[in-house]
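Remarks on the structure that follows.
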Amino acid sequence: MSLHALTAFEIAGRVRRREVKAQEVVEAFLVRTHQLDSKVQAYNEIYDSQALQQAKDVDAKIAKNEPVGILAGVPIAIKDNLLIRGEKCTCSSKILANYVATYDATVIQKLRASDAIFMGHTNLDEFAMGSSTENSAFRVTKNPWDIQRIPGGSSGGSAAAVASRMAPISLGSDTGGSIRQPAALCGVLGLKPTYGRVSRFGLVAFASSLDQIGPFSTTAKDSALLLQAIAGADSRDSTSIQKPVPDYGAALTKSLKGLRIGLPKEYFIGGLDPEVEQAVRQAVKALEALGATVKEISLPHTDACLSVYYIIAPSEASSNLSRFDGIRYGHHTTGAANLLELYEKSRGEGFGPEVKRRIMIGTYALSSGYYEAYYSQAQKVRTLIIRDFENAFKDVDVIATPTTPTAAFKPGEKVSDPLQMYLSDIFTISCNLAGLPGLSLPCGFTQTKLPIGLQLLGRPFEEETLLALAHQYEKDHEWNQQIPSVT
Amino acid sequence: MALTKKDVEHVARLARLALSEEEKERFTSQLDSILGYVENLRALNTEGVPPTAHPWPAVNIWREDKTERLQGVERDELMKNAPDREGPFFKVKKVIE
């Protein structure tokens with residue numbers, strides 16, 4: 001079996017047992033990446049020499065019988081909004097085109113301690129705002145299953161890199177579906193952990209009460225492995241939770257007997273593609289066969305989720321992105337007459353259209369005279385949405401839904417109409433508003449061979465249950481093992 | 001309540017964003033339709049419902065009030081990202097006229 005078809009778990013095992021050198025693994029993935037990425041365009045930058053050096057360091061440790069981490073020699077792609085010291089971090093924005101990170105994000109430090117190898121920084125919608133990677137200032141990433149289509153977003157590069165096996169695993173960030181939606185459209189697994197499970201320190205902030213970093217992988221076992229490596233409290237992120245990190249790998253085989261799964265009726269509605277609905281219902285039947293019971297539930301405020309999100313996320317973004325002033329770092333306009341003009345022009349030239357649009361919505365929603373009607377009301381409705389989930393989780397243990405209403409769409413289809421684009425996140429947003437863990441896993445293909453995703457939502461800090469369901473489902477369903485030919 | 005170009009100009013000033021005439025026109029209609037969409041929230045009764053700013057109750061986490069050097073980063077390294085500087089300082093336009 002060629003190296004690129006191995007999982008992270010398999011690679012780490014072989015490297016540890018000296019069956020293969022980390023250097024050979026990294027070389028194989030680099031060769032494949034250079035063959036495929038001219039078509040897929042998943043990466044903003046590929047770190048050839050740095051990755052080879054890291055691999056040699058891991059091999060040297062093994063040669064000296066020193067202990068190595070759980071991801072020894074495993075290549076990983078990193079979304080370009082996570083800081084790797086000494087490398088550029090652009091957020092796919094002109095305003096950060098030349099920004100070089102001066103420190104590591106906590107997740108990057110943890111990955112270093114696990115002996116993982118950084119393959120490169122992957123493309124995203126600018127500042128993680130979008131659902132297709134079309135909002136990148138640099139390139140539009142292609143869906144490896146059909147390069148005429150988008151990979152989803154905002155973590156489209158990280159999803160496409162794993163789908164095309166340019167890396168066995170990758171990291172993304174998820175504010176309203178930015179891990180789960182591209183995972184579904186690219187046919188891989190994507191996990192948004194519970195809010196606070198993973199430190200956000202060193203993630204360029206978009207909406208701080210919603211953002212969470214999480215793994216992409218081709219198996220549930222690899223999701224568990226990567227989550228194990230990055231989870232845990234961090235003194236540099238006061239929103240990270242002081243709660244012991246369980247053994248996610250051990251949880252994969254736990255019994256699913258009697259587990260109660262809820263299907264929210266509000267998620268099976270008009271606008272849901274019949275092929276997607278059929279695949280999702282089929283997958284739920286398969287979960288029943290594993291010992292779970294299924295019942296219909298209701299999340300009455302589902303209709304309000306998109307509106308709440310498109311007030312709260314832009315409001316937080318408008319505040320977070322005020323740090324880009326053109327002075328301390330980032331794009332700096334030439335020839336401004338005064339300080340105000342320097343701010344306005346640097347930002348006007350540096351930010352792309354979607355980022356400007358969201359800063360404008362957020363600033364409006366927070367501005368004097370509109371705060372109560374928009375921001376404050378959205379925060380109250382957010383409470384109602386959370387209560388819906390609390391009520392639902394009294395009757396069921398897991399909620400299953402489609403991840404997206406349709407399979408991957410084509411570039412240009414939605415980009416001119418922001419509202420149409422926002423609607424592609426309609427099933428993924430509630431999870432962030434409520435802070436819950438959410439997993440998207442491959443559950444089939446359309447007739448035209450485009451991947452379909454099943455979304456599982458759990459109670460706070462119950463990632464183990466989601467991973468166990470995915471792992472046991474994978475045993476009889478090999479959607480996740482299919483590799484696109486990228487033509 | 002329709003959003004006007006004047007509103008867009010006001011918000012752009014608050015957000016410190018220079019917009020072209022074409023952007024102002026486009027944002028006026030796009031923001032108007034987005035704000036129209038989120039109108040559905042007004043109909044919901046939220047009397048007595050507390051707002052949620054954060055998924056879990058946030059608590060202050062204290063540390064010793066002393067400086068720590070993050071990952072050994074030196075000032076020079078940080079200053080390399082500054083687009084306009086003089087020696088160890090950021091250069092800014094005159095703040096007080």
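In the structure tokens, chains take letters A, B, ... by order of appearance, with residues numbered from 1 within each chain and ligands from 1 in the order shown.
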
Counting only C-alpha atoms, which residues of chain B sit at most 8 Å from some atom of chain A, and what is each one's closest atom pair with its distance in Å to one decimal, listed by chain and rising residue number, as CSV?
residue,atom,partner,partner_atom,distance
B:Val8,CA,A:Met360,CA,7.9
B:Val11,CA,A:Tyr364,CA,6.0
B:Ala12,CA,A:Met360,CA,6.6
B:Arg13,CA,A:Glu344,CA,7.9
B:Leu14,CA,A:Thr363,CA,7.2
B:Ala15,CA,A:Thr363,CA,6.3
B:Arg16,CA,A:Glu344,CA,4.6
B:Leu17,CA,A:Glu344,CA,4.4
B:Ala18,CA,A:Gly348,CA,4.7
B:Leu19,CA,A:Gly348,CA,6.1
B:Phe27,CA,A:Arg357,CA,6.9
B:Gln30,CA,A:Pro418,CA,7.6
B:Leu31,CA,A:Ile361,CA,6.8
B:Ile34,CA,A:Leu419,CA,6.7
B:Tyr37,CA,A:Ser307,CA,7.0
B:Val38,CA,A:Ser307,CA,4.6
B:Glu39,CA,A:Ser307,CA,8.0
B:Asn40,CA,A:Ala304,CA,7.2
B:Leu41,CA,A:Ala304,CA,6.5
B:Arg42,CA,A:Ala373,CA,7.4
B:Leu44,CA,A:Val381,CA,7.8
B:Thr46,CA,A:Lys380,CA,6.3
B:Val49,CA,A:Lys380,CA,5.8
B:Pro50,CA,A:Lys380,CA,5.8
B:Pro51,CA,A:Lys380,CA,4.1
B:Thr52,CA,A:Gln379,CA,5.0
B:Ala53,CA,A:Gln379,CA,6.4
B:His54,CA,A:Ser209,CA,5.3
B:Pro55,CA,A:Gly435,CA,5.3
B:Trp56,CA,A:Gly435,CA,7.9
B:Ala58,CA,A:Thr239,CA,7.1
B:Asn60,CA,A:Ser238,CA,7.4
B:Ile61,CA,A:Ser238,CA,6.2
B:Leu70,CA,A:Tyr103,CA,7.5
B:Gln71,CA,A:Tyr103,CA,6.6
B:Val73,CA,A:Thr102,CA,6.8
B:Glu77,CA,A:Thr102,CA,6.6
B:Leu78,CA,A:Thr102,CA,6.3
B:Met79,CA,A:Arg328,CA,7.7
B:Asn81,CA,A:Tyr329,CA,4.9
B:Ala82,CA,A:Tyr329,CA,4.6
B:Pro83,CA,A:Tyr329,CA,6.1
B:Asp84,CA,A:Ile327,CA,6.9
B:Phe90,CA,A:Arg328,CA,6.7
B:Lys91,CA,A:Ile327,CA,7.5
B:Val92,CA,A:Ile327,CA,7.0
B:Lys93,CA,A:Leu339,CA,5.1
B:Lys94,CA,A:Leu339,CA,6.8
B:Val95,CA,A:Leu339,CA,6.7

Determine, counting only C-alpha atoms, which protein, DNA and RNA residues have an atom within 7 Å of an atom of Thr446 (chain A); residues of the same chain fewer than 4 positions away are not included. Present the result as a PyMOL selection string.
chain A and resi 275+450-451

Contacts of Ser173 (chain A) at 8 Å or less, counting only C-alpha atoms, minus same-chain residues fewer than 3 places along, as a list of chain:residue names?
A:Lys79, A:Ala128, A:Ser155, A:Ser178, A:Ile179, A:Lys192, A:Asp211, A:Gln212, A:Ile213, A:Gly214

Which parts of chain B does DSSP call alpha helix (DSSP H) when run on the backbone here, written out as a PyMOL selection string?
chain B and resi 5-14+21-37+75-79

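Reported to one decimal place, the separation of CA of Phe445 (chain A) from CA of Glu478 (chain A) is 11.4 Å.
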
Long-range neighbours of Ala12 (chain A) as a list in words, 8 Å cut-off, only C-alpha atoms, 6 positions minimum in chain
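The filter keeps Ile70, Leu71, Ala72, Gly73 and Val74 of chain A.
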
In Å, rounded to a single decimal, give me how far CA of Gln482 (chain A) is from CA of Ser440 (chain A).
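Straight-line distance from CA of Ser440 (chain A) to CA of Gln482 (chain A) works out to 16.2 Å.
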
Contacts of Lys449 (chain A) at 9 Å (only C-alpha atoms; same-chain gap of 5+ positions) as a ChimeraX atom specification
/A:145-146,444

With C-alpha atoms kept, could you save the residues just selected as a compact mmCIF listing (two decimals), in the first residue's frame?
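Result went into selection.txt, see below:
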# COMPACT_ATOMS: atom_id res chain seq x y z
CA TRP A 145 -13.96 15.01 -6.28
CA ASP A 146 -14.78 17.47 -9.07
CA GLY A 444 -22.54 8.44 0.76

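Atom pair CA of Ala97 (chain A) / CA of Phe409 (chain A) has a distance of 28.0 Å (rounded to one decimal).
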
In region 112-198 of chain A, DSSP strand (DSSP E or B) residues written as an MDAnalysis selection string
chainID A and resid 117:122 143 146 169:174 189:192 198

Please provide as a list in words all residues within 8 Å of Arg459 (chain A), with the sequence filter that same-chain residues fewer than 4 positions apart are discarded (counting only C-alpha atoms).
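In the requested format, the answer is Phe393, Asp397, Val398, Leu436 and Pro437 of chain A.
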
Output for the residues just chosen: C-alpha atoms as a JSON list (two decimals), in the first residue's frame:
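Output below, filename selection07.json:
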[["chain", "number", "residue", "atom", "x", "y", "z"],
["A", 393, "PHE", "CA", -30.72, 16.32, 25.29],
["A", 397, "ASP", "CA", -28.04, 11.45, 23.63],
["A", 398, "VAL", "CA", -27.05, 12.50, 20.13],
["A", 436, "LEU", "CA", -21.69, 21.83, 21.37],
["A", 437, "PRO", "CA", -19.36, 19.29, 19.78]]

Find the residues near Val415 (chain A): any atom within 9 Å, counting only C-alpha atoms, skip ones fewer than 5 places away on the same chain, and give them as a VMD selection string.
chain A and resid 132 134 to 135 420 to 421
